[in-house]
Each structure stands twice: as structure tokens, then as C-alpha cells.
file input.txt (compact mmCIF, C-alpha atoms and all ligand atoms)
# COMPACT_ATOMS: atom_id res chain seq x y z
CA MET N 756 -9.55 -20.60 -2.77
CA ASP N 757 -11.11 -17.91 -4.87
CA ILE N 758 -8.81 -14.87 -4.67
CA LYS N 759 -9.95 -11.49 -5.98
CA ILE N 760 -7.81 -8.38 -6.04
CA PHE N 761 -9.47 -4.94 -6.18
CA ASP N 762 -8.15 -1.59 -7.38
CA SER N 763 -10.27 0.43 -5.00
CA ALA N 764 -11.59 0.08 -1.48
CA GLN N 765 -15.07 0.95 -2.73
CA GLU N 766 -15.13 -1.94 -5.18
CA LEU N 767 -13.91 -4.36 -2.52
CA ASP N 768 -16.48 -3.13 0.02
CA ALA N 769 -19.30 -3.35 -2.52
CA PHE N 770 -18.33 -6.89 -3.54
CA ALA N 771 -18.16 -8.07 0.09
CA ALA N 772 -21.41 -6.35 1.03
CA ASP N 773 -23.17 -7.93 -1.99
CA LEU N 774 -21.97 -11.37 -0.98
CA ILE N 775 -23.20 -10.89 2.58
CA VAL N 776 -26.53 -9.48 1.42
CA SER N 777 -27.06 -12.32 -1.05
CA THR N 778 -26.54 -14.83 1.80
CA VAL N 779 -29.08 -12.86 3.84
CA GLN N 780 -31.61 -12.86 1.00
CA ASN N 781 -31.18 -16.46 -0.10
CA LYS N 782 -31.69 -18.22 3.23
CA PRO N 783 -34.75 -18.33 5.47
CA ALA N 784 -32.66 -18.09 8.67
CA PRO N 785 -29.16 -16.97 7.72
CA VAL N 786 -26.35 -17.04 10.27
CA LEU N 787 -23.52 -14.57 9.74
CA GLY N 788 -20.14 -14.79 11.44
CA LEU N 789 -18.88 -11.24 11.94
CA ALA N 790 -15.51 -9.65 12.61
CA THR N 791 -14.17 -6.39 14.01
CA GLY N 792 -11.02 -4.31 13.42
CA SER N 793 -10.52 -1.67 10.76
CA THR N 794 -10.83 -4.08 7.81
CA PRO N 795 -14.65 -4.60 7.83
CA LEU N 796 -15.57 -0.93 8.49
CA GLY N 797 -16.18 -0.04 4.82
CA ILE N 798 -18.14 -3.26 4.32
CA TYR N 799 -20.43 -2.50 7.27
CA ALA N 800 -20.94 1.06 6.00
CA LYS N 801 -21.96 -0.36 2.61
CA ILE N 802 -24.38 -2.82 4.24
CA VAL N 803 -25.98 0.03 6.20
CA GLU N 804 -26.33 1.98 2.95
CA MET N 805 -27.94 -1.03 1.22
CA HIS N 806 -30.34 -1.42 4.14
CA ARG N 807 -31.38 2.23 3.84
CA ARG N 808 -31.47 2.61 0.06
CA GLN N 809 -32.62 -0.82 -1.05
CA ASN N 810 -34.67 -1.78 1.97
CA ILE N 811 -32.61 -4.90 2.61
CA SER N 812 -33.94 -6.44 5.83
CA PHE N 813 -31.90 -8.27 8.47
CA GLN N 814 -34.83 -9.19 10.72
CA HIS N 815 -34.37 -12.89 10.06
CA VAL N 816 -30.57 -12.84 10.52
CA THR N 817 -28.60 -14.22 13.46
CA SER N 818 -25.00 -13.16 13.97
CA TYR N 819 -22.06 -14.48 15.94
CA ASN N 820 -18.92 -12.42 16.40
CA LEU N 821 -15.51 -14.00 16.39
CA ASP N 822 -14.12 -12.52 19.55
CA GLU N 823 -14.31 -10.10 22.46
CA TYR N 824 -11.86 -8.65 24.94
CA VAL N 825 -11.98 -9.96 28.51
CA GLY N 826 -12.84 -7.31 31.10
CA LEU N 827 -14.54 -4.72 28.90
CA THR N 828 -18.27 -4.12 29.40
CA PRO N 829 -20.43 -3.82 26.25
CA ASP N 830 -20.82 -0.08 26.90
CA ASN N 831 -17.04 0.41 26.93
CA ASP N 832 -16.32 2.07 23.59
CA GLN N 833 -13.31 -0.22 23.03
CA SER N 834 -15.30 -3.42 23.40
CA TYR N 835 -16.21 -5.32 20.27
CA ALA N 836 -19.86 -5.30 21.42
CA TYR N 837 -19.76 -1.50 21.29
CA TYR N 838 -18.00 -1.57 17.91
CA MET N 839 -20.65 -3.84 16.40
CA LYS N 840 -23.48 -1.72 17.76
CA SER N 841 -22.03 1.56 16.58
CA HIS N 842 -20.90 0.41 13.13
CA LEU N 843 -23.65 -2.03 12.19
CA PHE N 844 -26.35 -3.25 14.56
CA ALA N 845 -27.76 0.17 15.51
CA HIS N 846 -28.20 1.06 11.83
CA ILE N 847 -29.96 -2.04 10.49
CA ASP N 848 -33.07 -3.91 11.60
CA ILE N 849 -31.38 -7.01 13.05
CA PRO N 850 -33.11 -7.81 16.38
CA SER N 851 -30.68 -7.31 19.28
CA ASN N 852 -31.55 -10.72 20.75
CA GLN N 853 -30.22 -12.33 17.56
CA THR N 854 -26.73 -10.80 17.76
CA PHE N 855 -24.16 -12.67 19.81
CA LEU N 856 -20.63 -11.98 20.99
CA PRO N 857 -18.64 -13.88 23.60
CA ASN N 858 -19.25 -12.27 27.01
CA GLY N 859 -15.90 -10.88 28.09
CA MET N 860 -17.33 -10.02 31.51
CA ALA N 861 -18.32 -13.62 32.34
CA GLU N 862 -17.07 -14.72 35.76
CA ASP N 863 -16.41 -18.22 34.51
CA LEU N 864 -14.66 -17.86 31.15
CA GLU N 865 -14.58 -21.59 30.51
CA ALA N 866 -18.34 -21.90 30.99
CA GLU N 867 -18.85 -18.88 28.72
CA CYS N 868 -16.75 -20.52 25.99
CA SER N 869 -18.75 -23.77 26.16
CA ARG N 870 -21.99 -21.81 26.09
CA TYR N 871 -20.84 -19.99 22.94
CA ASP N 872 -19.77 -23.25 21.30
CA SER N 873 -23.12 -24.94 22.02
CA MET N 874 -24.93 -22.01 20.43
CA LEU N 875 -22.68 -22.18 17.37
CA GLN N 876 -23.32 -25.89 17.14
CA GLU N 877 -27.06 -25.29 17.02
CA GLN N 878 -26.76 -22.46 14.52
CA PRO N 879 -23.82 -23.14 12.20
CA VAL N 880 -22.44 -20.10 10.43
CA ASP N 881 -23.37 -19.74 6.75
CA LEU N 882 -20.88 -16.99 5.92
CA GLN N 883 -17.93 -16.08 8.15
CA LEU N 884 -16.26 -12.71 7.61
CA LEU N 885 -12.58 -12.66 8.64
CA GLY N 886 -9.77 -10.13 8.86
CA LEU N 887 -6.12 -11.05 9.19
CA GLY N 888 -3.64 -10.07 11.89
CA HIS N 889 -0.04 -9.14 10.99
CA ASN N 890 1.19 -12.37 12.54
CA GLY N 891 -1.37 -14.47 10.69
CA HIS N 892 -3.96 -14.57 13.45
CA ILE N 893 -7.65 -14.99 12.67
CA GLY N 894 -10.11 -13.94 15.36
CA PHE N 895 -7.64 -13.94 18.23
CA ASN N 896 -6.10 -17.31 17.35
CA GLU N 897 -2.44 -16.42 17.76
CA PRO N 898 0.46 -18.41 16.25
CA ALA N 899 1.24 -21.34 18.55
CA GLU N 900 2.60 -24.88 18.57
CA ALA N 901 -0.96 -26.15 18.79
CA LEU N 902 -4.22 -24.37 18.11
CA THR N 903 -7.47 -24.78 20.04
CA GLY N 904 -10.49 -25.97 18.07
CA GLY N 905 -13.34 -24.43 20.02
CA THR N 906 -14.05 -21.09 21.65
CA HIS N 907 -11.44 -20.32 24.30
CA ALA N 908 -9.80 -17.58 26.35
CA VAL N 909 -6.45 -16.49 24.99
CA LYS N 910 -3.56 -14.34 26.17
CA LEU N 911 -2.87 -11.77 23.46
CA GLU N 912 0.56 -11.48 21.87
CA GLN N 913 2.41 -8.24 22.49
CA GLU N 914 2.36 -7.61 18.71
CA THR N 915 -1.42 -7.95 18.63
CA ARG N 916 -1.86 -5.65 21.64
CA GLU N 917 0.42 -3.09 20.00
CA ALA N 918 -1.47 -3.31 16.69
CA ASN N 919 -4.77 -2.76 18.50
CA ALA N 920 -3.41 -0.05 20.84
CA ARG N 921 -4.35 2.56 18.24
CA PHE N 922 -7.98 2.16 19.33
CA PHE N 923 -7.17 2.76 23.03
CA ALA N 924 -6.00 5.86 24.96
CA SER N 925 -2.81 4.08 26.00
CA MET N 926 -1.10 0.69 25.70
CA ASP N 927 -1.91 -0.04 29.39
CA GLU N 928 -5.60 -0.02 28.56
CA VAL N 929 -5.35 -2.76 25.92
CA PRO N 930 -6.68 -5.93 27.54
CA GLU N 931 -4.31 -8.86 27.93
CA LEU N 932 -6.96 -11.51 27.49
CA ALA N 933 -9.69 -12.16 24.97
CA ILE N 934 -12.26 -14.84 24.17
CA THR N 935 -12.14 -16.07 20.60
CA MET N 936 -13.84 -18.66 18.46
CA GLY N 937 -11.25 -21.35 17.77
CA VAL N 938 -9.86 -22.22 14.37
CA GLY N 939 -12.00 -25.37 14.42
CA SER N 940 -15.17 -23.33 14.93
CA ILE N 941 -14.14 -20.90 12.19
CA LEU N 942 -13.50 -23.74 9.74
CA LYS N 943 -17.01 -25.11 10.37
CA ALA N 944 -18.55 -22.15 8.55
CA ASN N 945 -20.06 -23.10 5.21
CA HIS N 946 -18.35 -20.21 3.39
CA ILE N 947 -15.46 -18.06 4.61
CA LEU N 948 -14.85 -14.51 3.40
CA LEU N 949 -11.31 -13.36 4.22
CA VAL N 950 -10.68 -9.67 3.63
CA VAL N 951 -7.23 -8.08 3.81
CA ARG N 952 -6.07 -4.56 3.04
CA GLY N 953 -2.73 -2.75 3.00
CA ALA N 954 0.90 -3.18 2.03
CA ASP N 955 1.87 -4.03 5.61
CA LYS N 956 -0.05 -7.31 5.25
CA ALA N 957 1.32 -8.34 1.84
CA ASP N 958 3.89 -10.76 3.33
CA ILE N 959 1.50 -12.46 5.71
CA VAL N 960 -1.11 -12.74 2.93
CA LYS N 961 1.42 -14.59 0.79
CA GLN N 962 2.41 -16.89 3.65
CA ALA N 963 -1.18 -17.59 4.66
CA LEU N 964 -2.47 -18.29 1.16
CA THR N 965 0.48 -19.94 -0.54
CA GLY N 966 2.87 -21.01 2.24
CA PRO N 967 2.89 -24.23 4.25
CA ILE N 968 -0.17 -25.03 6.36
CA THR N 969 1.14 -24.43 9.84
CA THR N 970 -0.10 -23.37 13.26
CA ASP N 971 2.64 -20.71 13.14
CA VAL N 972 0.37 -18.93 10.66
CA PRO N 973 -3.17 -19.72 11.88
CA ALA N 974 -4.74 -18.28 8.70
CA SER N 975 -2.87 -20.88 6.62
CA LEU N 976 -5.37 -23.46 7.91
CA LEU N 977 -7.94 -21.74 5.71
CA GLN N 978 -6.22 -23.53 2.81
CA THR N 979 -7.90 -26.72 4.06
CA HIS N 980 -11.42 -25.26 3.76
CA PRO N 981 -13.40 -26.09 0.60
CA ARG N 982 -15.04 -22.69 0.20
CA VAL N 983 -12.95 -19.62 0.93
CA THR N 984 -13.28 -16.31 -0.91
CA VAL N 985 -10.35 -13.94 -0.39
CA LEU N 986 -10.77 -10.24 -1.15
CA LEU N 987 -7.57 -8.18 -1.28
CA ASP N 988 -6.71 -4.66 -2.20
CA ARG N 989 -3.79 -4.20 -4.65
CA GLU N 990 -1.34 -3.51 -1.81
CA ALA N 991 -2.23 -6.60 0.23
CA GLY N 992 -2.10 -8.76 -2.91
CA ARG N 993 1.12 -7.40 -4.36
CA LYS N 994 3.33 -10.34 -3.31
CA LEU N 995 1.10 -12.96 -4.89
CA ALA N 996 2.44 -14.06 -8.27
N1 LIG S 1001 -9.23 -9.69 16.74
C1 LIG S 1001 -9.03 -8.83 15.60
C2 LIG S 1001 -9.12 -9.66 14.36
O1 LIG S 1001 -10.42 -10.23 14.28
C3 LIG S 1001 -8.83 -8.76 13.19
O2 LIG S 1001 -9.12 -9.40 11.99
C4 LIG S 1001 -7.37 -8.40 13.19
C5 LIG S 1001 -6.98 -7.41 12.11
O3 LIG S 1001 -7.39 -6.13 12.45
P1 LIG S 1001 -7.45 -4.92 11.45
O4 LIG S 1001 -8.56 -5.20 10.52
O5 LIG S 1001 -7.75 -3.71 12.30
O6 LIG S 1001 -6.13 -4.85 10.76
O7 LIG S 1001 -6.94 -7.98 14.44
C6 LIG S 1001 -7.75 -7.99 15.61
O8 LIG S 1001 -6.85 -8.36 16.60
call {"tool": "encode", "arguments": {"input": "input.txt", "output": "C-alpha cells"}}
result
Amino acid sequence: MDIKIFDSAQELDAFAADLIVSTVQNKPAPVLGLATGSTPLGIYAKIVEMHRRQNISFQHVTSYNLDEYVGLTPDNDQSYAYYMKSHLFAHIDIPSNQTFLPNGMAEDLEAECSRYDSMLQEQPVDLQLLGLGHNGHIGFNEPAEALTGGTHAVKLEQETREANARFFASMDEVPELAITMGVGSILKANHILLVVRGADKADIVKQALTGPITTDVPASLLQTHPRVTVLLDREAGRKLA
């Protein structure tokens, strides 16, 4: 694992955005794996700025998002589809028919998960951006005795719902179910970019990066991947020796 610790959010965002843009520029048909949450916001803003100022084009890019809530329509401002549109897709030239998220409104969730997996199989992810949950989740792969490899529907942990409640009007509105790429699908990406910020994640960063590889900390499975770049701010990295 290549671990980099940054003194400022701006430096971290610029480094991550450069890495994403270089993947976009160096491949004829790049496939990006994208994430939501507060962690990637500065990175997306930097990418939008690079698109505007340096004319970086995303017309040839395909993207797959990690996860989506079940039961929220794409025009619901709490859905991840809405998040991606408002923070990234609407501001760059990526064609809308090349951006994919699991469909949280699908009647048959199992069929939706297999559909998503078949698409990922045909278009493997070149660079997968990841955030980290306080309990070590990646995407919505929660700590469990066994983890699911492929895309699947998952019941969210109370802790995860509480952490994400800040984006909703009330706790009752936070969905109980989500669709997420599985840890197996995430690990198939050629290169993984894990980004973590904040003192409240320092302990889980240490466990995930240096602790035992265990399904109790889903992010610890990243230790088995040959090409992971970890970007931390000072606070998130403060427990690493
Ligand atoms: N499903 C998302 C994850 O993909 C995200 O990485 C994580 C951390 O979120 P944040 O970046 O807001 O701390 O929690 C959410 O539950």
C-alpha cells in the first residue's frame, strides 16, 4: 500500500484529482469507480475546475458508482444519483448514458444486482475511488461474519444510518436498505484510491491499514490488493506510526 499523508485538504484534493485525470488521459476508454459521502466532495470540485480551466474532457469515460439507497428516486436530493449529478456529472462533459449507479428503485433487487455485476464484468474498473465508514465499511459493505463478493442489497447498520442522517431532514428518512458493490467487485479494480479525512477516523484507519485482515473491518481486505493508494489528512493518519 502506498500511504500519503497531507497537511492540507487542498493538497490532498489536488493529488487525488490529478491521479483520476491522469487515468482519464492515459486510457482510450477509462472506467472510473466513483464514491459518494463528504470525503470526495473536494476532489470532485477540483476535477470540475480542471475540466473548466484545462479543458480536460471526460467524453470517453464510463463510471460506475459503488452504491445507492433503496427506495430513493434519482431526483430525490438524498439519492446518490442526485449527489453525483449535482457535484460532478452536470459540470463535466461525461455523457449521461456512460454513468451508472445501482438502481435503488428496481422492483427486483436481485436482478438489478446481477445486471450491475454483468456490466462491471464487461467494463472492469481502472481506478476505484473509496471513502471509509467509521466502522470500516467500504461502499455499504458493513462488518459481518462473512462478506458478499458481488453487488448485493444490504441492511444498513444503525451506526451507518446515524452517520448519514446529517444529510437527511430526520433519522426516519434515512433508508434502511442499500445496494452496494461487494468487496469482491471492489477488489477487482486495477487500482484503488482510498481517501480518508478527520480525527474521528484515525482509529479505523489504523485498524484497516495495519490491523488483521478481517471481515469485521471490511476495509482491511484492501491489504490483499496489489495496488492501493491511500490518501489521508494529518488527523486521519495520526495513529499510524
Ligand atoms: N456509502 C458511503 C460510503 O461509500 C462512504 O465512503 C462512507 C463515508 O462517508 P463520508 O465520506 O461522508 O464520511 O459512508 C457512506 O455510508
call {"tool": "atom_distance", "arguments": {"input": "input.txt", "atom1": "atom CA of Pro850 of chain N", "atom2": "atom CA of Ile934 of chain N"}}
result
23.3 Å
call {"tool": "closest_atom_pairs", "arguments": {"input": "input.txt", "of": "chain N", "to": "ligand LIG 1001 (chain S)", "cutoff": "7 Å", "atoms": "only C-alpha atoms and all ligand atoms", "output": "tab-separated table"}}
result
residue	atom	partner	partner_atom	distance
N:Ala790	CA	S:LIG1001	O1	5.4
N:Thr791	CA	S:LIG1001	O1	5.4
N:Gly792	CA	S:LIG1001	O5	3.5
N:Ser793	CA	S:LIG1001	O5	3.8
N:Thr794	CA	S:LIG1001	O4	3.7
N:Pro795	CA	S:LIG1001	O4	6.7
N:Leu821	CA	S:LIG1001	O1	6.7
N:Asp822	CA	S:LIG1001	N1	6.3
N:Leu885	CA	S:LIG1001	O2	5.8
N:Gly886	CA	S:LIG1001	O2	3.3
N:Leu887	CA	S:LIG1001	O2	4.4
N:Gly888	CA	S:LIG1001	C5	4.3
N:Ile893	CA	S:LIG1001	O1	5.7
N:Gly894	CA	S:LIG1001	O1	3.9
N:Phe895	CA	S:LIG1001	N1	4.8
N:Thr915	CA	S:LIG1001	O8	5.8
N:Asn919	CA	S:LIG1001	O8	6.3
call {"tool": "closest_residue", "arguments": {"input": "input.txt", "among": "N:Asn810, N:Thr969, N:Thr903, N:Gln978", "to": "Cys868 of chain N", "atoms": "all atoms listed in the file"}}
result
N:Thr903
call {"tool": "residues_around", "arguments": {"input": "input.txt", "residues": "Arg870 of chain N", "least_positions_apart": "4", "cutoff": "12 Å", "atoms": "all atoms listed in the file", "output": "list in words"}}
result
Phe855, Leu856, Pro857, Asn858, Ala861, Asp863, Leu864, Glu865, Ala866, Met874, Leu875, Gln876, Glu877, Gly905, Thr906, His907 and Met936 of chain N
call {"tool": "residues_around", "arguments": {"input": "input.txt", "residues": "Ser834 of chain N", "least_positions_apart": "2", "cutoff": "12 Å", "atoms": "only C-alpha atoms", "output": "compact mmCIF listing (two decimals) with C-alpha atoms, in the coordinates of the input"}}
result
# COMPACT_ATOMS: atom_id res chain seq x y z
CA THR N 791 -14.17 -6.39 14.01
CA GLY N 792 -11.02 -4.31 13.42
CA ASN N 820 -18.92 -12.42 16.40
CA ASP N 822 -14.12 -12.52 19.55
CA GLU N 823 -14.31 -10.10 22.46
CA TYR N 824 -11.86 -8.65 24.94
CA VAL N 825 -11.98 -9.96 28.51
CA GLY N 826 -12.84 -7.31 31.10
CA LEU N 827 -14.54 -4.72 28.90
CA THR N 828 -18.27 -4.12 29.40
CA PRO N 829 -20.43 -3.82 26.25
CA ASP N 830 -20.82 -0.08 26.90
CA ASN N 831 -17.04 0.41 26.93
CA ASP N 832 -16.32 2.07 23.59
CA ALA N 836 -19.86 -5.30 21.42
CA TYR N 837 -19.76 -1.50 21.29
CA TYR N 838 -18.00 -1.57 17.91
CA MET N 839 -20.65 -3.84 16.40
CA LYS N 840 -23.48 -1.72 17.76
CA SER N 841 -22.03 1.56 16.58
CA LEU N 856 -20.63 -11.98 20.99
CA PRO N 857 -18.64 -13.88 23.60
CA ASN N 858 -19.25 -12.27 27.01
CA GLY N 859 -15.90 -10.88 28.09
CA MET N 860 -17.33 -10.02 31.51
CA ASN N 919 -4.77 -2.76 18.50
CA PHE N 922 -7.98 2.16 19.33
CA PHE N 923 -7.17 2.76 23.03
CA GLU N 928 -5.60 -0.02 28.56
CA VAL N 929 -5.35 -2.76 25.92
CA PRO N 930 -6.68 -5.93 27.54
CA ALA N 933 -9.69 -12.16 24.97
CA ILE N 934 -12.26 -14.84 24.17
call {"tool": "closest_residue", "arguments": {"input": "input.txt", "among": "N:Gln765, N:Gln833, N:Gln883, N:Ser851", "to": "Val985 of chain N", "atoms": "all atoms listed in the file"}}
result
N:Gln883
call {"tool": "closest_residue", "arguments": {"input": "input.txt", "among": "N:Asp927, N:Asp988, N:Glu912, N:Asp958", "to": "Phe770 of chain N", "atoms": "all atoms listed in the file"}}
result
N:Asp988
call {"tool": "atom_distance", "arguments": {"input": "input.txt", "atom1": "atom CA of Val776 of chain N", "atom2": "atom CA of Ser812 of chain N"}}
result
9.1 Å
call {"tool": "atom_distance", "arguments": {"input": "input.txt", "atom1": "atom CA of Ala924 of chain N", "atom2": "atom CA of Val909 of chain N"}}
result
22.4 Å
call {"tool": "residues_near_point", "arguments": {"input": "input.txt", "point": "(-27.1, -0.5, -1.6)", "cutoff": "12 Å", "atoms": "all atoms listed in the file", "output": "list in words"}}
result
Asp768, Ala769, Phe770, Ala771, Ala772, Asp773, Ile775, Val776, Ser777, Ile798, Tyr799, Ala800, Lys801, Ile802, Val803, Glu804, Met805, His806, Arg807, Arg808, Gln809, Asn810, Ile811 and Ser812 of chain N
call {"tool": "axis_aligned_box", "arguments": {"input": "input.txt", "around": "segment 808-816 of chain N", "padding_each_side": "5 Å", "output": "JSON"}}
result
{"center_x": -32.7, "center_y": -5.1, "center_z": 4.8, "size_x": 14.3, "size_y": 25.5, "size_z": 21.8}
call {"tool": "residues_around", "arguments": {"input": "input.txt", "residues": "Asn896 of chain N", "least_positions_apart": "3", "cutoff": "9 Å", "atoms": "all atoms listed in the file", "output": "short mmCIF file (atom, residue, chain, number, x, y, z; two decimals) with C-alpha atoms, keeping the file's coordinate frame"}}
result
data_model
loop_
_atom_site.label_atom_id
_atom_site.label_comp_id
_atom_site.auth_asym_id
_atom_site.auth_seq_id
_atom_site.Cartn_x
_atom_site.Cartn_y
_atom_site.Cartn_z
CA GLY N 891 -1.37 -14.47 10.69
CA HIS N 892 -3.96 -14.57 13.45
CA ILE N 893 -7.65 -14.99 12.67
CA ALA N 899 1.24 -21.34 18.55
CA LEU N 902 -4.22 -24.37 18.11
CA THR N 903 -7.47 -24.78 20.04
CA VAL N 909 -6.45 -16.49 24.99
CA LEU N 911 -2.87 -11.77 23.46
CA THR N 935 -12.14 -16.07 20.60
CA MET N 936 -13.84 -18.66 18.46
CA GLY N 937 -11.25 -21.35 17.77
CA VAL N 938 -9.86 -22.22 14.37
CA PRO N 973 -3.17 -19.72 11.88
CA ALA N 974 -4.74 -18.28 8.70
#
call {"tool": "residues_around", "arguments": {"input": "input.txt", "residues": "Leu882 of chain N", "least_positions_apart": "3", "cutoff": "9 Å", "atoms": "only C-alpha atoms", "output": "NGL selection string"}}
result
:N and (774-775 or 778 or 785-789 or 944-948)
call {"tool": "write_last_selection", "arguments": {"input": "input.txt", "atoms": "C-alpha atoms", "output": "compact mmCIF listing (two decimals), keeping the file's coordinate frame"}}
result
# COMPACT_ATOMS: atom_id res chain seq x y z
CA LEU N 774 -21.97 -11.37 -0.98
CA ILE N 775 -23.20 -10.89 2.58
CA THR N 778 -26.54 -14.83 1.80
CA PRO N 785 -29.16 -16.97 7.72
CA VAL N 786 -26.35 -17.04 10.27
CA LEU N 787 -23.52 -14.57 9.74
CA GLY N 788 -20.14 -14.79 11.44
CA LEU N 789 -18.88 -11.24 11.94
CA ALA N 944 -18.55 -22.15 8.55
CA ASN N 945 -20.06 -23.10 5.21
CA HIS N 946 -18.35 -20.21 3.39
CA ILE N 947 -15.46 -18.06 4.61
CA LEU N 948 -14.85 -14.51 3.40
call {"tool": "closest_residue", "arguments": {"input": "input.txt", "among": "N:Pro981, N:Gly904, N:Gly992, N:Pro783", "to": "Ala954 of chain N", "atoms": "all atoms listed in the file"}}
result
N:Gly992
call {"tool": "residues_near_point", "arguments": {"input": "input.txt", "point": "(-32.0, -11.5, 10.2)", "cutoff": "10 Å", "atoms": "only C-alpha atoms", "output": "list in words"}}
result
Val779, Gln780, Lys782, Pro783, Ala784, Pro785, Val786, Leu787, Ser812, Phe813, Gln814, His815, Val816, Thr817, Ser818, Ile847, Asp848, Ile849, Pro850, Gln853 and Thr854 of chain N
call {"tool": "closest_residue", "arguments": {"input": "input.txt", "among": "N:Ile760, N:Val880, N:Ala901, N:Leu767", "to": "Ala996 of chain N", "atoms": "only C-alpha atoms"}}
result
N:Ile760
call {"tool": "build_atoms", "arguments": {"input": "input.txt", "residues": "segment 950-963 of chain N", "atoms": "N, CA and C atoms", "output": "compact mmCIF listing (two decimals), keeping the file's coordinate frame"}}
result
# COMPACT_ATOMS: atom_id res chain seq x y z
N VAL N 950 -10.92 -10.98 4.24
CA VAL N 950 -10.68 -9.67 3.63
C VAL N 950 -9.39 -9.08 4.21
N VAL N 951 -8.49 -8.65 3.33
CA VAL N 951 -7.23 -8.08 3.81
C VAL N 951 -6.87 -6.84 2.98
N ARG N 952 -6.44 -5.80 3.71
CA ARG N 952 -6.07 -4.56 3.04
C ARG N 952 -4.68 -4.12 3.50
N GLY N 953 -3.94 -3.47 2.61
CA GLY N 953 -2.73 -2.75 3.00
C GLY N 953 -1.43 -3.46 2.74
N ALA N 954 -0.42 -2.66 2.37
CA ALA N 954 0.90 -3.18 2.03
C ALA N 954 1.56 -3.89 3.22
N ASP N 955 1.25 -3.43 4.43
CA ASP N 955 1.87 -4.03 5.61
C ASP N 955 1.42 -5.48 5.83
N LYS N 956 0.40 -5.92 5.09
CA LYS N 956 -0.05 -7.31 5.25
C LYS N 956 0.30 -8.17 4.03
N ALA N 957 1.03 -7.60 3.07
CA ALA N 957 1.32 -8.34 1.84
C ALA N 957 2.10 -9.64 2.13
N ASP N 958 3.09 -9.57 3.03
CA ASP N 958 3.89 -10.76 3.33
C ASP N 958 3.06 -11.86 3.99
N ILE N 959 2.27 -11.45 4.98
CA ILE N 959 1.50 -12.46 5.71
C ILE N 959 0.39 -13.03 4.81
N VAL N 960 -0.11 -12.23 3.88
CA VAL N 960 -1.11 -12.74 2.93
C VAL N 960 -0.48 -13.85 2.10
N LYS N 961 0.74 -13.59 1.62
CA LYS N 961 1.42 -14.59 0.79
C LYS N 961 1.65 -15.87 1.59
N GLN N 962 2.16 -15.70 2.82
CA GLN N 962 2.41 -16.89 3.65
C GLN N 962 1.13 -17.67 3.92
N ALA N 963 0.07 -16.92 4.28
CA ALA N 963 -1.18 -17.59 4.66
C ALA N 963 -1.82 -18.33 3.48
